[in-house]
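What follows is the content of target-v1.tsv, which has TSV, C-alpha atoms:
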chain	number	residue	atom	x	y	z
S	1	MET	CA	-73.92	107.46	-50.38
S	2	LEU	CA	-71.00	108.72	-52.50
S	3	SER	CA	-68.61	108.29	-49.56
S	4	GLU	CA	-69.76	104.68	-49.09
S	5	LEU	CA	-69.27	103.99	-52.79
S	6	SER	CA	-65.81	105.53	-52.66
S	7	GLU	CA	-64.91	103.33	-49.70
S	8	LEU	CA	-66.30	100.26	-51.47
S	9	PHE	CA	-64.07	101.06	-54.45
S	10	ARG	CA	-61.03	101.24	-52.17
S	11	TYR	CA	-61.86	97.75	-50.89
S	12	ARG	CA	-62.36	96.30	-54.37
S	13	ASP	CA	-59.43	93.93	-53.85
S	14	LEU	CA	-61.25	92.38	-50.90
S	15	LEU	CA	-64.35	91.99	-53.06
S	16	PHE	CA	-62.35	90.18	-55.74
S	17	GLN	CA	-60.68	87.95	-53.14
S	18	LEU	CA	-64.05	86.92	-51.70
S	19	VAL	CA	-65.36	86.18	-55.18
S	20	ALA	CA	-62.29	84.09	-56.01
S	21	ARG	CA	-62.59	82.23	-52.70
S	22	ASP	CA	-66.27	81.49	-53.30
S	23	LEU	CA	-65.50	80.06	-56.75
S	24	LYS	CA	-62.64	77.93	-55.37
S	25	VAL	CA	-64.70	76.57	-52.45
S	26	ARG	CA	-67.66	75.82	-54.69
S	27	TYR	CA	-65.62	73.62	-57.03
S	28	LYS	CA	-63.05	72.26	-54.58
S	29	ASN	CA	-62.22	68.60	-55.32
S	30	SER	CA	-64.65	68.69	-58.26
S	31	VAL	CA	-63.63	67.06	-61.53
S	32	LEU	CA	-66.10	68.90	-63.76
S	33	GLY	CA	-65.76	72.24	-61.95
S	34	PHE	CA	-67.83	75.00	-63.56
S	35	PHE	CA	-69.84	72.55	-65.63
S	36	TRP	CA	-71.68	71.40	-62.51
S	37	SER	CA	-73.37	74.82	-62.46
S	38	LEU	CA	-74.66	74.05	-65.96
S	39	ILE	CA	-75.79	70.49	-65.34
S	40	ASN	CA	-78.74	71.50	-63.14
S	41	PRO	CA	-80.26	74.05	-65.56
S	42	LEU	CA	-79.63	71.74	-68.53
S	43	VAL	CA	-81.39	68.83	-66.81
S	44	GLN	CA	-84.25	71.14	-65.80
S	45	VAL	CA	-84.56	72.48	-69.34
S	46	ALA	CA	-84.51	68.97	-70.82
S	47	THR	CA	-87.22	67.80	-68.42
S	48	ILE	CA	-89.47	70.83	-68.99
S	49	THR	CA	-88.97	70.55	-72.76
S	50	ILE	CA	-90.16	66.93	-72.75
S	51	VAL	CA	-93.23	67.84	-70.69
S	52	VAL	CA	-94.15	70.88	-72.80
S	53	ARG	CA	-93.43	69.33	-76.21
S	54	TYR	CA	-94.89	65.87	-75.69
S	55	ILE	CA	-97.55	66.33	-72.99
S	56	MET	CA	-98.76	69.91	-73.39
S	57	ARG	CA	-98.17	69.65	-77.16
S	58	VAL	CA	-96.73	73.14	-77.65
S	59	GLU	CA	-95.02	72.61	-81.00
S	60	ILE	CA	-92.43	75.40	-81.06
S	61	PRO	CA	-89.30	74.56	-83.09
S	62	ASN	CA	-86.15	74.59	-80.92
S	63	TYR	CA	-88.28	75.17	-77.82
S	64	SER	CA	-85.35	74.18	-75.59
S	65	ALA	CA	-83.44	77.27	-76.80
S	66	TYR	CA	-86.34	79.59	-75.87
S	67	LEU	CA	-86.56	77.89	-72.50
S	68	LEU	CA	-82.81	77.94	-71.76
S	69	VAL	CA	-82.37	81.61	-72.68
S	70	ALA	CA	-85.00	82.50	-70.05
S	71	TYR	CA	-83.80	79.97	-67.48
S	72	LEU	CA	-80.21	81.29	-67.33
S	73	PRO	CA	-81.09	84.83	-66.12
S	74	TRP	CA	-83.56	83.24	-63.69
S	75	MET	CA	-80.77	81.06	-62.25
S	76	PHE	CA	-78.60	84.15	-61.78
S	77	PHE	CA	-81.47	85.87	-59.97
S	78	GLN	CA	-82.36	82.87	-57.80
S	79	MET	CA	-78.87	81.74	-56.80
S	80	SER	CA	-77.68	85.28	-56.06
S	81	LEU	CA	-80.53	85.94	-53.63
S	82	MET	CA	-80.24	82.55	-51.96
S	83	ASP	CA	-76.48	82.91	-51.49
S	84	ALA	CA	-76.64	86.56	-50.43
S	85	SER	CA	-79.38	85.98	-47.86
S	86	GLN	CA	-76.90	84.28	-45.50
S	87	SER	CA	-73.71	86.02	-46.62
S	88	VAL	CA	-73.43	88.29	-43.57
S	89	LEU	CA	-74.16	85.57	-41.02
S	90	MET	CA	-71.65	83.25	-42.69
S	91	HIS	CA	-68.88	85.76	-41.89
S	92	HIS	CA	-69.95	86.65	-38.35
S	93	ASP	CA	-66.43	86.07	-36.97
S	94	LEU	CA	-64.92	88.40	-39.55
S	95	LEU	CA	-67.40	91.15	-38.69
S	96	LYS	CA	-66.14	91.32	-35.10
S	97	LYS	CA	-62.43	91.33	-35.94
S	98	VAL	CA	-61.75	93.37	-39.08
S	99	TYR	CA	-62.99	96.69	-40.40
S	100	PHE	CA	-64.28	96.65	-43.97
S	101	PRO	CA	-67.42	97.83	-45.80
S	102	ARG	CA	-70.01	95.19	-44.94
S	103	GLU	CA	-71.71	95.42	-48.33
S	104	VAL	CA	-68.73	93.57	-49.78
S	105	LEU	CA	-70.19	90.31	-48.41
S	106	PRO	CA	-73.52	90.14	-50.30
S	107	LEU	CA	-72.05	91.83	-53.37
S	108	SER	CA	-69.32	89.19	-53.60
S	109	MET	CA	-72.05	86.53	-53.83
S	110	VAL	CA	-73.78	88.46	-56.60
S	111	VAL	CA	-70.56	88.94	-58.56
S	112	ALA	CA	-69.64	85.25	-58.20
S	113	ASN	CA	-73.03	84.24	-59.61
S	114	LEU	CA	-72.66	86.87	-62.34
S	115	ILE	CA	-69.48	85.12	-63.47
S	116	HIS	CA	-71.39	81.83	-63.65
S	117	PHE	CA	-74.10	83.57	-65.65
S	118	LEU	CA	-71.62	85.03	-68.13
S	119	LEU	CA	-69.92	81.67	-68.64
S	120	ALA	CA	-73.31	80.03	-69.09
S	121	LEU	CA	-74.17	82.60	-71.76
S	122	VAL	CA	-70.98	81.68	-73.61
S	123	VAL	CA	-72.10	78.05	-73.56
S	124	PHE	CA	-75.54	79.17	-74.75
S	125	PHE	CA	-74.03	80.95	-77.75
S	126	ILE	CA	-72.14	77.76	-78.60
S	127	TYR	CA	-75.47	75.93	-78.30
S	128	LEU	CA	-77.00	78.36	-80.80
S	129	LEU	CA	-74.16	77.66	-83.24
S	130	VAL	CA	-74.85	73.93	-82.92
S	131	LEU	CA	-78.53	74.56	-83.67
S	132	ARG	CA	-77.47	76.84	-86.55
S	133	ALA	CA	-79.75	79.55	-85.20
S	134	PRO	CA	-79.58	82.81	-87.15
S	135	ILE	CA	-77.67	85.75	-85.68
S	136	VAL	CA	-80.16	88.34	-84.42
S	137	ALA	CA	-79.38	92.05	-84.89
S	138	THR	CA	-80.40	92.79	-81.28
S	139	TRP	CA	-77.54	90.80	-79.73
S	140	TRP	CA	-75.82	94.10	-78.96
S	141	LEU	CA	-78.46	94.70	-76.26
S	142	VAL	CA	-77.28	91.75	-74.16
S	143	PRO	CA	-74.67	93.72	-72.10
S	144	PHE	CA	-77.37	96.29	-71.33
S	145	LEU	CA	-79.75	93.55	-70.14
S	146	ILE	CA	-77.04	92.00	-67.99
S	147	ALA	CA	-76.36	95.40	-66.39
S	148	ILE	CA	-80.07	95.92	-65.65
S	149	GLU	CA	-80.43	92.52	-64.02
S	150	PHE	CA	-77.20	92.97	-62.05
S	151	LEU	CA	-78.53	96.21	-60.52
S	152	LEU	CA	-81.87	94.58	-59.68
S	153	VAL	CA	-80.21	91.53	-58.11
S	154	ALA	CA	-77.60	93.58	-56.22
S	155	GLY	CA	-80.27	95.83	-54.69
S	156	LEU	CA	-82.44	92.90	-53.61
S	157	ALA	CA	-79.40	91.01	-52.31
S	158	LEU	CA	-78.48	93.95	-50.09
S	159	PHE	CA	-82.04	94.08	-48.75
S	160	VAL	CA	-82.36	90.38	-47.93
S	161	SER	CA	-78.84	89.98	-46.54
S	162	CYS	CA	-79.41	92.90	-44.17
S	163	LEU	CA	-82.87	91.78	-43.06
S	164	ASN	CA	-81.67	88.22	-42.48
S	165	VAL	CA	-79.23	89.46	-39.83
S	166	PHE	CA	-82.14	90.70	-37.71
S	167	TYR	CA	-84.82	88.20	-38.76
S	168	GLU	CA	-83.46	84.78	-39.73
S	169	ASP	CA	-86.87	83.81	-41.10
S	170	ILE	CA	-85.98	85.91	-44.14
S	171	LYS	CA	-83.94	83.12	-45.77
S	172	TYR	CA	-86.97	80.83	-45.59
S	173	ILE	CA	-89.29	83.53	-46.90
S	174	VAL	CA	-86.92	84.19	-49.81
S	175	SER	CA	-86.92	80.49	-50.70
S	176	VAL	CA	-90.74	80.34	-50.71
S	177	VAL	CA	-91.11	83.57	-52.68
S	178	LEU	CA	-88.60	82.39	-55.29
S	179	ASN	CA	-90.51	79.13	-55.76
S	180	ILE	CA	-93.72	81.10	-56.38
S	181	LEU	CA	-92.02	83.70	-58.54
S	182	PHE	CA	-90.63	81.00	-60.84
S	183	TYR	CA	-94.17	80.23	-62.04
S	184	LEU	CA	-95.13	83.90	-62.28
S	185	THR	CA	-92.17	84.61	-64.57
S	186	PRO	CA	-92.37	83.69	-68.29
S	187	ILE	CA	-89.71	80.98	-68.21
S	188	ILE	CA	-91.43	77.67	-68.94
S	189	TYR	CA	-94.13	79.45	-70.90
S	190	MET	CA	-94.17	82.37	-73.33
S	191	SER	CA	-95.37	85.81	-72.30
S	192	GLU	CA	-97.65	85.73	-75.36
S	193	MET	CA	-99.69	83.01	-73.63
S	194	VAL	CA	-100.47	85.47	-70.85
S	195	TYR	CA	-101.21	88.18	-73.41
S	196	ASN	CA	-103.64	85.97	-75.32
S	197	ARG	CA	-105.61	85.16	-72.18
S	198	LEU	CA	-105.78	88.76	-70.99
S	199	HIS	CA	-106.36	90.26	-74.44
S	200	ALA	CA	-109.30	87.92	-75.06
S	201	ALA	CA	-110.81	89.15	-71.78
S	202	GLY	CA	-110.18	92.80	-72.71
S	203	ARG	CA	-107.55	93.22	-69.98
S	204	ASP	CA	-104.55	94.51	-71.92
S	205	LEU	CA	-103.66	96.81	-69.01
S	206	LEU	CA	-103.07	93.77	-66.80
S	207	PHE	CA	-100.53	92.45	-69.29
S	208	SER	CA	-98.64	95.75	-69.12
S	209	LEU	CA	-98.69	95.53	-65.33
S	210	TYR	CA	-97.44	91.94	-65.62
S	211	LEU	CA	-94.41	93.15	-67.59
S	212	LEU	CA	-93.83	96.04	-65.20
S	213	ASN	CA	-92.30	93.43	-62.93
S	214	PRO	CA	-88.69	94.15	-63.89
S	215	LEU	CA	-87.70	90.48	-63.77
S	216	ASN	CA	-90.48	89.57	-66.23
S	217	ALA	CA	-89.44	92.37	-68.58
S	218	ILE	CA	-85.79	91.30	-68.40
S	219	VAL	CA	-86.54	87.62	-69.10
S	220	VAL	CA	-88.76	88.53	-72.05
S	221	ALA	CA	-86.04	90.88	-73.36
S	222	PHE	CA	-83.37	88.15	-73.19
S	223	ARG	CA	-85.63	85.83	-75.16
S	224	LYS	CA	-86.44	88.41	-77.82
S	225	THR	CA	-82.95	89.86	-78.25
S	226	LEU	CA	-81.08	86.56	-78.47
S	227	LEU	CA	-83.50	84.45	-80.51
S	228	PRO	CA	-85.56	85.05	-83.66
S	229	PRO	CA	-89.37	85.35	-83.42
S	230	TYR	CA	-90.99	82.00	-82.81
S	231	SER	CA	-94.14	80.57	-84.34
S	232	VAL	CA	-96.12	77.36	-84.36
S	233	PRO	CA	-95.88	75.72	-87.81
S	234	PRO	CA	-99.20	75.25	-89.67
S	235	GLY	CA	-100.84	71.92	-89.05
S	236	ARG	CA	-99.19	71.39	-85.64
S	237	SER	CA	-101.48	70.85	-82.68
S	238	THR	CA	-101.16	73.25	-79.76
S	239	PRO	CA	-103.53	74.47	-77.03
S	240	PHE	CA	-102.31	78.04	-77.49
S	241	ASN	CA	-102.52	80.44	-80.38
S	242	LEU	CA	-98.95	81.75	-80.26
S	243	GLN	CA	-97.91	84.79	-82.21
S	244	ASP	CA	-94.65	86.49	-81.29
S	245	LEU	CA	-94.99	90.05	-79.98
S	246	PRO	CA	-92.20	92.60	-80.56
S	247	LEU	CA	-90.05	93.73	-77.66
S	248	ASP	CA	-91.63	96.69	-75.86
S	249	TYR	CA	-88.69	99.05	-75.32
S	250	ARG	CA	-90.84	101.38	-73.24
S	251	LEU	CA	-91.52	98.67	-70.65
S	252	LEU	CA	-87.85	97.65	-70.76
S	253	ALA	CA	-86.85	101.24	-69.99
S	254	ILE	CA	-89.24	101.24	-67.03
S	255	ALA	CA	-87.70	97.97	-65.83
S	256	ALA	CA	-84.25	99.57	-66.08
S	257	ALA	CA	-85.39	102.57	-64.04
S	258	VAL	CA	-86.95	100.31	-61.38
S	259	SER	CA	-83.75	98.25	-61.21
S	260	VAL	CA	-81.67	101.39	-60.63
S	261	LEU	CA	-84.04	102.50	-57.85
S	262	VAL	CA	-83.93	99.05	-56.22
S	263	ALA	CA	-80.12	99.15	-56.30
S	264	VAL	CA	-79.98	102.66	-54.80
S	265	PHE	CA	-82.51	102.04	-52.04
S	266	GLY	CA	-81.06	98.61	-51.28
S	267	TYR	CA	-77.62	100.15	-50.87
S	268	LEU	CA	-78.94	103.00	-48.71
S	269	TYR	CA	-80.91	100.64	-46.48
S	270	PHE	CA	-77.96	98.28	-46.04
S	271	ASN	CA	-75.62	101.14	-45.12
S	272	SER	CA	-78.11	102.53	-42.63
S	273	ARG	CA	-77.96	99.32	-40.57
S	274	LYS	CA	-74.65	97.63	-41.35
S	275	TRP	CA	-72.72	98.90	-38.31
S	276	SER	CA	-75.14	97.14	-35.94
S	277	PHE	CA	-74.47	93.72	-37.50
S	278	ALA	CA	-71.70	92.82	-35.04
S	279	GLU	CA	-74.13	93.22	-32.15
S	280	GLN	CA	-76.66	90.90	-33.74
S	281	VAL	CA	-74.49	87.97	-34.88
Could you rewrite the structure in this file as structure tokens?
Amino acid sequence: MLSELSELFRYRDLLFQLVARDLKVRYKNSVLGFFWSLINPLVQVATITIVVRYIMRVEIPNYSAYLLVAYLPWMFFQMSLMDASQSVLMHHDLLKKVYFPREVLPLSMVVANLIHFLLALVVFFIYLLVLRAPIVATWWLVPFLIAIEFLLVAGLALFVSCLNVFYEDIKYIVSVVLNILFYLTPIIYMSEMVYNRLHAAGRDLLFSLYLLNPLNAIVVAFRKTLLPPYSVPPGRSTPFNLQDLPLDYRLLAIAAAVSVLVAVFGYLYFNSRKWSFAEQV
């Protein structure tokens, strides 16, 4: 594995060139450029906010901020896997002509989406300034959370991109799984809603298992490190009894360990099969 990593480092210029090309192609002949990558999540957040605030009657002040801070890491996760799933097949001609470490292809998709994510976070911080949200002492954890999610996404991207070479149904399966996973991840709802339901039924262990999903733990951590604790003001009507729970650093550490393992095993699996790609495409 160390030899493969060393070779990948030697080809870092190729990785950067593929990332730059992806960004150029994505916004070619576009007037708004990068801002198109923000329009979709902003429209989604606005729509969900209207539904939750005015139909479900969850009266959380600045709910859109709590929704957006969870939606941005989800978009990074979703778009990276969707793009990476076909990254090898997209470059089938290149595979047969030039020698290079094949893992550069899916990783370039992940890095390109990481850049979008980082730029979106900058916009989110500007959004917080507009809302005059207080600065939270845990902001220093954000780079750590980004690193954890990057490892998780990179490992999964290597898995799906490799499998899709041999079984092209994988890209469809990934799309379906992501649609389901969106509703199983605390994005449009708060993790405390799940806790309240399970705690009332005496199933606290299930809530811990729910957060053992590294993506769930990461999304919850982004929400709790970037924004102050939320609460429903007295006298407001809401179908849920919401009380903010503190960030569980133990579960976050487990999520970090799982993400590292996913990255390692994803890289090992990809390298074990990458030299047979040219025969398959």
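Interatomic distance, CA of Ile170 in chain S against CA of Gln86 in chain S: 9.3 Å.
Closest approach to Leu152 in chain S among S:Leu128, S:Leu261, S:Val194, S:Val123 is made by S:Leu261 (distances from only C-alpha atoms).
Of the residues listed (S:Leu227, S:Met90, S:Leu209, S:Leu245), S:Met90 shows the shortest atom-to-atom separation from Val165 in chain S; distances use all atoms listed in the file.
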Using all atoms listed in the file: which of S:Ala263, S:Val176, S:Val19, S:Ile48 has the shortest distance to Ile115 in chain S: S:Val19
From the list S:Lys224, S:Arg12, S:His91, S:Lys274, which residue is nearest Val142 in chain S when using only C-alpha atoms? S:Lys224
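Atom pair CA of Tyr189 in chain S / CA of Phe76 in chain S: separated by 18.6 Å.
Between CA of Val160 in chain S and CA of Leu121 in chain S the interatomic distance comes to 26.4 Å.
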Applying 9 Å and all atoms listed in the file, which residues near Leu211 in chain S remain after dropping the ones on its own chain fewer than 5 positions away? List them as a short mmCIF file (atom, residue, chain, number, x, y, z; two decimals) with C-alpha atoms, keeping the file's coordinate frame.
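And here's out01.cif as it stands now:
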data_model
loop_
_atom_site.label_atom_id
_atom_site.label_comp_id
_atom_site.auth_asym_id
_atom_site.auth_seq_id
_atom_site.Cartn_x
_atom_site.Cartn_y
_atom_site.Cartn_z
CA SER S 191 -95.37 85.81 -72.30
CA LEU S 206 -103.07 93.77 -66.80
CA ASN S 216 -90.48 89.57 -66.23
CA ALA S 217 -89.44 92.37 -68.58
CA ILE S 218 -85.79 91.30 -68.40
CA VAL S 220 -88.76 88.53 -72.05
CA LEU S 251 -91.52 98.67 -70.65
CA LEU S 252 -87.85 97.65 -70.76
CA ALA S 255 -87.70 97.97 -65.83
#
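Minimum distance to Pro134 in chain S across S:Met190, S:Val177, S:Leu226, S:Leu163 (counting all atoms listed in the file) occurs at S:Leu226.
Each of S:Leu114, S:Ile254, S:Leu5, S:Val25 was checked against Glu149 in chain S using all atoms listed in the file; the smallest atom-to-atom distance is that of S:Leu114.
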List every protein, DNA or RNA residue that has at least one atom no more than 12 Å from (-92.6, 84.4, -66.7) in the file's coordinates, counting only C-alpha atoms, and write the result as JSON, numbers by chain. {"S": [67, 70, 71, 73, 74, 180, 181, 182, 183, 184, 185, 186, 187, 188, 189, 190, 191, 192, 193, 194, 195, 207, 210, 211, 212, 213, 214, 215, 216, 217, 218, 219, 220, 221, 222, 223]}
